[in-house]
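The file my_file_6.csv comes next; it holds CSV, C-alpha atoms.
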```csv
chain,number,residue,atom,x,y,z
A,74,MET,CA,-25.1,-22.3,-8.2
A,75,MET,CA,-27.3,-24.9,-6.5
A,76,ARG,CA,-28.2,-28.6,-7.0
A,77,LEU,CA,-32.0,-28.6,-7.6
A,78,LEU,CA,-34.2,-31.7,-7.5
A,79,VAL,CA,-37.4,-31.2,-9.6
A,80,LEU,CA,-40.4,-33.5,-9.1
A,81,GLY,CA,-42.9,-33.4,-11.9
A,82,ALA,CA,-40.2,-32.2,-14.3
A,83,SER,CA,-42.0,-33.5,-17.4
A,84,GLY,CA,-45.0,-31.3,-16.9
A,85,GLN,CA,-45.4,-27.9,-18.5
A,86,THR,CA,-44.2,-25.8,-15.6
A,87,GLY,CA,-41.5,-28.4,-14.8
A,88,GLN,CA,-40.1,-28.0,-18.3
A,89,HIS,CA,-39.9,-24.2,-18.0
A,90,LEU,CA,-38.3,-24.7,-14.6
A,91,LEU,CA,-35.6,-26.9,-16.1
A,92,SER,CA,-34.8,-24.4,-18.9
A,93,GLN,CA,-34.6,-21.4,-16.5
A,94,ALA,CA,-32.6,-23.2,-13.9
A,95,LEU,CA,-30.0,-24.3,-16.4
A,96,ALA,CA,-29.8,-20.8,-17.8
A,97,LEU,CA,-28.9,-19.7,-14.3
A,98,ASP,CA,-26.1,-22.2,-14.1
A,99,HIS,CA,-27.7,-24.5,-11.6
A,100,HIS,CA,-27.3,-28.3,-11.6
A,101,VAL,CA,-30.7,-30.0,-12.0
A,102,THR,CA,-31.9,-33.5,-11.5
A,103,ALA,CA,-35.3,-34.1,-13.0
A,104,LEU,CA,-37.3,-37.0,-11.5
A,105,VAL,CA,-39.8,-38.5,-13.9
A,106,ARG,CA,-41.7,-41.7,-14.5
A,107,THR,CA,-41.0,-41.5,-18.3
A,108,PRO,CA,-37.6,-40.1,-19.1
A,109,SER,CA,-38.4,-39.8,-22.8
A,110,LYS,CA,-40.7,-36.9,-22.0
A,111,ILE,CA,-37.7,-34.8,-21.2
A,112,VAL,CA,-36.2,-33.7,-24.6
A,113,GLN,CA,-33.8,-31.2,-23.2
A,114,LYS,CA,-30.1,-32.2,-23.1
A,115,HIS,CA,-27.5,-30.4,-21.0
A,116,GLU,CA,-24.3,-31.3,-19.2
A,117,ARG,CA,-25.8,-30.0,-15.9
A,118,LEU,CA,-29.1,-31.8,-16.4
A,119,ALA,CA,-29.6,-35.4,-15.1
A,120,VAL,CA,-32.9,-37.1,-15.9
A,121,GLU,CA,-33.7,-40.0,-13.5
A,122,THR,CA,-36.6,-42.4,-13.3
A,123,CYS,CA,-38.1,-42.4,-9.9
A,124,ASP,CA,-41.4,-43.4,-8.3
A,125,VAL,CA,-42.0,-40.5,-5.8
A,126,PHE,CA,-44.4,-42.8,-3.9
A,127,ASP,CA,-41.5,-45.0,-3.0
A,128,ARG,CA,-39.4,-43.5,-0.3
A,129,GLU,CA,-36.5,-45.8,-0.9
A,130,GLN,CA,-36.2,-44.6,-4.5
A,131,LEU,CA,-36.5,-41.0,-3.5
A,132,GLN,CA,-34.0,-40.9,-0.7
A,133,PRO,CA,-30.7,-41.1,-2.7
A,134,HIS,CA,-31.8,-38.2,-4.9
A,135,ILE,CA,-32.7,-36.0,-2.0
A,136,ASN,CA,-29.3,-36.9,-0.4
A,137,GLU,CA,-27.5,-35.2,-3.3
A,138,CYS,CA,-29.6,-32.0,-3.7
A,139,ASP,CA,-29.7,-28.6,-2.1
A,140,VAL,CA,-33.3,-27.7,-2.9
A,141,VAL,CA,-36.4,-29.8,-3.7
A,142,ILE,CA,-39.1,-28.2,-6.0
A,143,SER,CA,-42.3,-30.1,-6.7
A,144,CYS,CA,-44.4,-29.3,-9.7
A,145,LEU,CA,-46.5,-32.4,-9.2
A,146,GLY,CA,-50.2,-32.4,-9.7
A,147,PHE,CA,-52.8,-35.2,-9.7
A,148,PRO,CA,-56.1,-36.0,-11.5
A,149,ILE,CA,-59.4,-35.0,-10.1
A,150,GLN,CA,-61.4,-37.4,-8.1
A,151,PHE,CA,-64.9,-36.5,-7.0
A,152,THR,CA,-65.5,-38.7,-3.9
A,153,SER,CA,-62.8,-37.4,-1.5
A,154,ALA,CA,-59.7,-35.2,-1.2
A,155,VAL,CA,-57.0,-36.3,-3.6
A,156,PRO,CA,-54.6,-38.1,-1.2
A,157,HIS,CA,-51.4,-38.0,-3.3
A,158,PHE,CA,-50.3,-34.6,-2.2
A,159,VAL,CA,-50.1,-35.7,1.4
A,160,THR,CA,-48.3,-38.9,0.4
A,161,VAL,CA,-45.6,-37.1,-1.6
A,162,GLU,CA,-45.2,-34.4,1.0
A,163,GLY,CA,-44.7,-37.0,3.6
A,164,ASN,CA,-42.1,-38.9,1.6
A,165,VAL,CA,-40.2,-35.7,0.7
A,166,SER,CA,-40.3,-34.5,4.3
A,167,GLU,CA,-39.0,-37.7,5.8
A,168,CYS,CA,-36.3,-38.1,3.2
A,169,MET,CA,-35.2,-34.5,3.8
A,170,ARG,CA,-35.1,-35.2,7.6
A,171,VAL,CA,-32.9,-38.2,7.1
A,172,ALA,CA,-30.6,-36.3,4.7
A,173,GLY,CA,-30.5,-33.2,6.8
A,174,LYS,CA,-31.8,-31.0,4.0
A,175,ARG,CA,-34.3,-28.2,4.6
A,176,ARG,CA,-35.4,-26.2,1.6
A,177,VAL,CA,-38.4,-27.4,-0.3
A,178,ILE,CA,-41.0,-25.7,-2.5
A,179,PHE,CA,-44.4,-27.1,-3.5
A,180,MET,CA,-46.6,-25.9,-6.3
A,181,HIS,CA,-50.3,-25.7,-5.3
A,182,SER,CA,-53.0,-23.3,-6.4
A,183,TRP,CA,-55.1,-20.4,-5.3
A,184,TYR,CA,-58.0,-21.2,-3.0
A,185,THR,CA,-56.6,-24.2,-1.2
A,186,ASP,CA,-58.2,-23.0,2.0
A,187,PRO,CA,-62.0,-23.8,1.8
A,188,ALA,CA,-63.1,-20.4,3.2
A,189,SER,CA,-61.2,-18.7,0.4
A,190,ARG,CA,-63.2,-20.4,-2.3
A,191,ASP,CA,-66.3,-18.4,-1.3
A,192,ARG,CA,-64.3,-15.3,-2.3
A,193,CYS,CA,-63.9,-16.3,-5.9
A,194,GLN,CA,-64.9,-13.6,-8.3
A,195,GLY,CA,-68.0,-14.7,-10.2
A,196,PHE,CA,-70.6,-17.4,-9.7
A,197,VAL,CA,-69.2,-19.8,-12.4
A,198,LEU,CA,-65.6,-19.6,-11.2
A,199,ARG,CA,-66.8,-20.1,-7.6
A,200,MET,CA,-68.7,-23.2,-8.6
A,201,PHE,CA,-65.8,-24.6,-10.6
A,202,VAL,CA,-63.4,-24.1,-7.7
A,203,LYS,CA,-65.7,-25.5,-5.1
A,204,TYR,CA,-67.2,-28.4,-6.9
A,205,PHE,CA,-65.1,-29.4,-9.8
A,206,ILE,CA,-61.5,-29.1,-8.5
A,207,GLY,CA,-62.5,-28.8,-4.8
A,208,ASN,CA,-61.1,-32.2,-3.9
A,209,VAL,CA,-57.8,-31.4,-5.6
A,210,LEU,CA,-57.5,-28.2,-3.6
A,211,GLU,CA,-58.5,-30.1,-0.5
A,212,GLY,CA,-55.7,-32.5,-1.0
A,213,MET,CA,-53.3,-29.7,-1.4
A,214,ARG,CA,-54.6,-28.1,1.8
A,215,GLN,CA,-54.2,-31.2,3.8
A,216,SER,CA,-50.5,-31.4,2.7
A,217,GLU,CA,-50.1,-27.7,3.8
A,218,LEU,CA,-51.4,-28.5,7.2
A,219,GLU,CA,-49.0,-31.4,7.5
A,220,LEU,CA,-46.1,-29.1,6.5
A,221,GLU,CA,-47.2,-26.7,9.2
A,222,LYS,CA,-46.4,-29.4,11.8
A,223,SER,CA,-42.8,-29.9,10.6
A,224,ASP,CA,-39.9,-28.3,12.4
A,225,HIS,CA,-37.1,-29.6,10.1
A,226,LEU,CA,-38.0,-28.0,6.8
A,227,ASP,CA,-37.8,-24.5,5.3
A,228,TRP,CA,-40.9,-25.0,3.2
A,229,THR,CA,-42.9,-22.7,1.0
A,230,CYS,CA,-46.2,-23.6,-0.8
A,231,VAL,CA,-46.5,-21.4,-3.9
A,232,LEU,CA,-50.1,-20.7,-5.0
A,233,PRO,CA,-50.5,-19.4,-8.6
A,234,GLY,CA,-53.9,-18.8,-10.1
A,235,GLY,CA,-55.1,-20.2,-13.5
A,236,LEU,CA,-52.1,-21.3,-15.5
A,237,THR,CA,-51.5,-20.1,-19.0
A,238,ASN,CA,-49.0,-20.8,-21.7
A,239,GLU,CA,-47.8,-17.2,-22.3
A,240,PRO,CA,-44.0,-16.6,-22.4
A,241,VAL,CA,-42.0,-15.6,-19.4
A,242,THR,CA,-42.0,-11.9,-18.5
A,243,ASP,CA,-39.9,-9.7,-16.2
A,244,ILE,CA,-43.0,-8.3,-14.4
A,245,PRO,CA,-42.6,-8.1,-10.6
A,246,PHE,CA,-44.7,-10.4,-8.5
A,247,ARG,CA,-47.4,-9.6,-6.0
A,248,THR,CA,-47.6,-12.0,-3.1
A,249,ASN,CA,-50.1,-12.7,-0.3
A,250,ASP,CA,-49.4,-15.0,2.7
A,251,THR,CA,-52.8,-14.9,4.4
A,252,ASP,CA,-55.7,-15.0,1.9
A,253,PHE,CA,-54.9,-18.0,-0.3
A,254,HIS,CA,-55.4,-15.8,-3.4
A,255,ILE,CA,-54.7,-12.1,-4.2
A,256,PRO,CA,-57.8,-10.0,-4.1
A,257,GLY,CA,-58.3,-7.6,-7.0
A,258,CYS,CA,-55.6,-9.3,-9.0
A,259,SER,CA,-55.8,-11.3,-12.3
A,260,ASP,CA,-56.1,-15.0,-11.6
A,261,GLY,CA,-54.1,-15.8,-14.8
A,262,ILE,CA,-50.3,-16.4,-14.7
A,263,SER,CA,-48.1,-18.2,-17.1
A,264,ARG,CA,-46.4,-21.4,-16.2
A,265,ALA,CA,-43.1,-19.8,-17.3
A,266,ASP,CA,-43.6,-17.0,-14.8
A,267,VAL,CA,-44.4,-19.5,-12.1
A,268,ALA,CA,-41.1,-21.3,-12.8
A,269,ARG,CA,-39.4,-17.9,-12.6
A,270,TYR,CA,-40.9,-17.3,-9.2
A,271,PHE,CA,-39.7,-20.7,-7.9
A,272,LEU,CA,-36.2,-19.8,-8.7
A,273,GLN,CA,-36.6,-16.3,-7.2
A,274,VAL,CA,-38.0,-17.5,-3.9
A,275,ILE,CA,-35.4,-20.1,-3.1
A,276,PRO,CA,-33.2,-17.8,-1.0
A,277,ASP,CA,-36.1,-15.8,0.5
A,278,THR,CA,-36.1,-16.7,4.1
A,279,GLU,CA,-39.2,-14.7,4.7
A,280,SER,CA,-41.1,-17.3,2.6
A,281,HIS,CA,-40.2,-20.1,5.0
A,282,GLY,CA,-43.3,-21.7,6.5
A,283,LYS,CA,-45.6,-19.7,4.2
A,284,VAL,CA,-48.6,-20.7,2.0
A,285,ARG,CA,-47.9,-17.9,-0.5
A,286,ALA,CA,-50.3,-16.8,-3.3
A,287,ILE,CA,-48.6,-15.2,-6.2
A,288,ALA,CA,-49.7,-13.0,-9.2
A,289,LEU,CA,-48.1,-10.5,-11.5
A,290,ALA,CA,-48.0,-7.0,-10.3
A,291,GLY,CA,-50.1,-4.5,-12.1
A,292,GLU,CA,-52.5,-7.2,-13.5
A,293,SER,CA,-56.1,-6.8,-12.4
A,294,GLY,CA,-59.4,-8.4,-13.2
A,295,THR,CA,-60.4,-12.0,-13.7
A,296,SER,CA,-59.6,-13.9,-16.9
A,297,LEU,CA,-62.4,-16.3,-16.3
A,298,GLY,CA,-62.6,-18.1,-19.6
A,299,GLU,CA,-58.8,-18.5,-19.8
A,300,THR,CA,-58.7,-19.7,-16.2
A,301,LEU,CA,-61.4,-22.3,-16.7
A,302,SER,CA,-60.0,-23.7,-20.0
A,303,ASN,CA,-56.5,-24.1,-18.6
A,304,GLN,CA,-57.6,-25.5,-15.3
A,305,MET,CA,-59.9,-28.0,-17.1
A,306,GLY,CA,-57.0,-29.1,-19.2
A,307,ASP,CA,-54.6,-29.4,-16.2
A,308,PHE,CA,-56.9,-31.4,-13.9
A,309,LYS,CA,-58.3,-33.7,-16.5
A,310,ARG,CA,-54.9,-35.3,-17.1
A,311,THR,CA,-54.2,-38.8,-15.9
A,312,THR,CA,-50.5,-38.3,-15.3
A,313,VAL,CA,-49.0,-37.0,-12.1
A,314,ASN,CA,-47.3,-34.2,-14.0
A,315,GLN,CA,-50.3,-31.9,-13.9
A,316,GLN,CA,-48.7,-28.5,-13.7
```
Have the structure of the file written as structure tokens, please.
Amino acid sequence: MMRLLVLGASGQTGQHLLSQALALDHHVTALVRTPSKIVQKHERLAVETCDVFDREQLQPHINECDVVISCLGFPIQFTSAVPHFVTVEGNVSECMRVAGKRRVIFMHSWYTDPASRDRCQGFVLRMFVKYFIGNVLEGMRQSELELEKSDHLDWTCVLPGGLTNEPVTDIPFRTNDTDFHIPGCSDGISRADVARYFLQVIPDTESHGKVRAIALAGESGTSLGETLSNQMGDFKRTTVNQQ
């Protein structure tokens, strides 16, 4: 049983994470801008209003947790890398340093490394990743590079492919810590399974300091239409709870 702090808890992946964590008997604090978006009620769930861009608001919540998990995402901008990933990473990192806490997991996406985007399967997907969501991915990558400089965190960046709304499964995961995607594997994964992976990877010390792409084992091929429709829906949102 752990005390989990979830950022972006009102997003779709965040909601799955809350349900699954509570089912495993964890205590969960959900940090949100709009508490009314969290409809779940549970004696081990605390829903708190917090501006994650305000370090003073964030600090007391990190003081009381064992693990931080961020499901935050941010809207597309076309002029430069989305800066909010670095800002939130910096705030979380500093608050954890002050509190003496180490374990943190961030949700990013396949293809955060620019070179990996050239390896997308298919011209349309490659153009979408490079030119439509490229600045979102670049913001994620900048925060990964900042994490690599830290020596006080046991961090993992989890990189799923295109997010779907399928139910949770018990299919094992495939992982890759070097390629920023998983070659030959389906780029679609459900938000529920991503939440399942978050909880599975918490005690995995081999994941510390890793930018880890994930997929479901045994799934192959590219679900291009599903990937594009889901990514379009995610990145067009104007809230910070993208995922």
So how many Å separate CA of Met74 in chain A and CA of Asp124 in chain A, to one decimal?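 So the answer is 26.7 Å.
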Using all atoms listed in the file, which residues sit within 6 Å of Arg76 in chain A once same-chain residues fewer than 6 positions away are excluded, as a ChimeraX atom specification? /A:100-101,138-139
Restricting the calculation to all atoms listed in the file: of A:Arg117, A:His225, A:His89, A:Lys203, which residue gets closest to Met169 in chain A? A:His225
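Here CA of Leu131 in chain A and CA of Leu80 in chain A stand 10.1 Å from one another.
As for CA of Ser259 in chain A and CA of Arg285 in chain A, they are spaced 15.7 Å apart.
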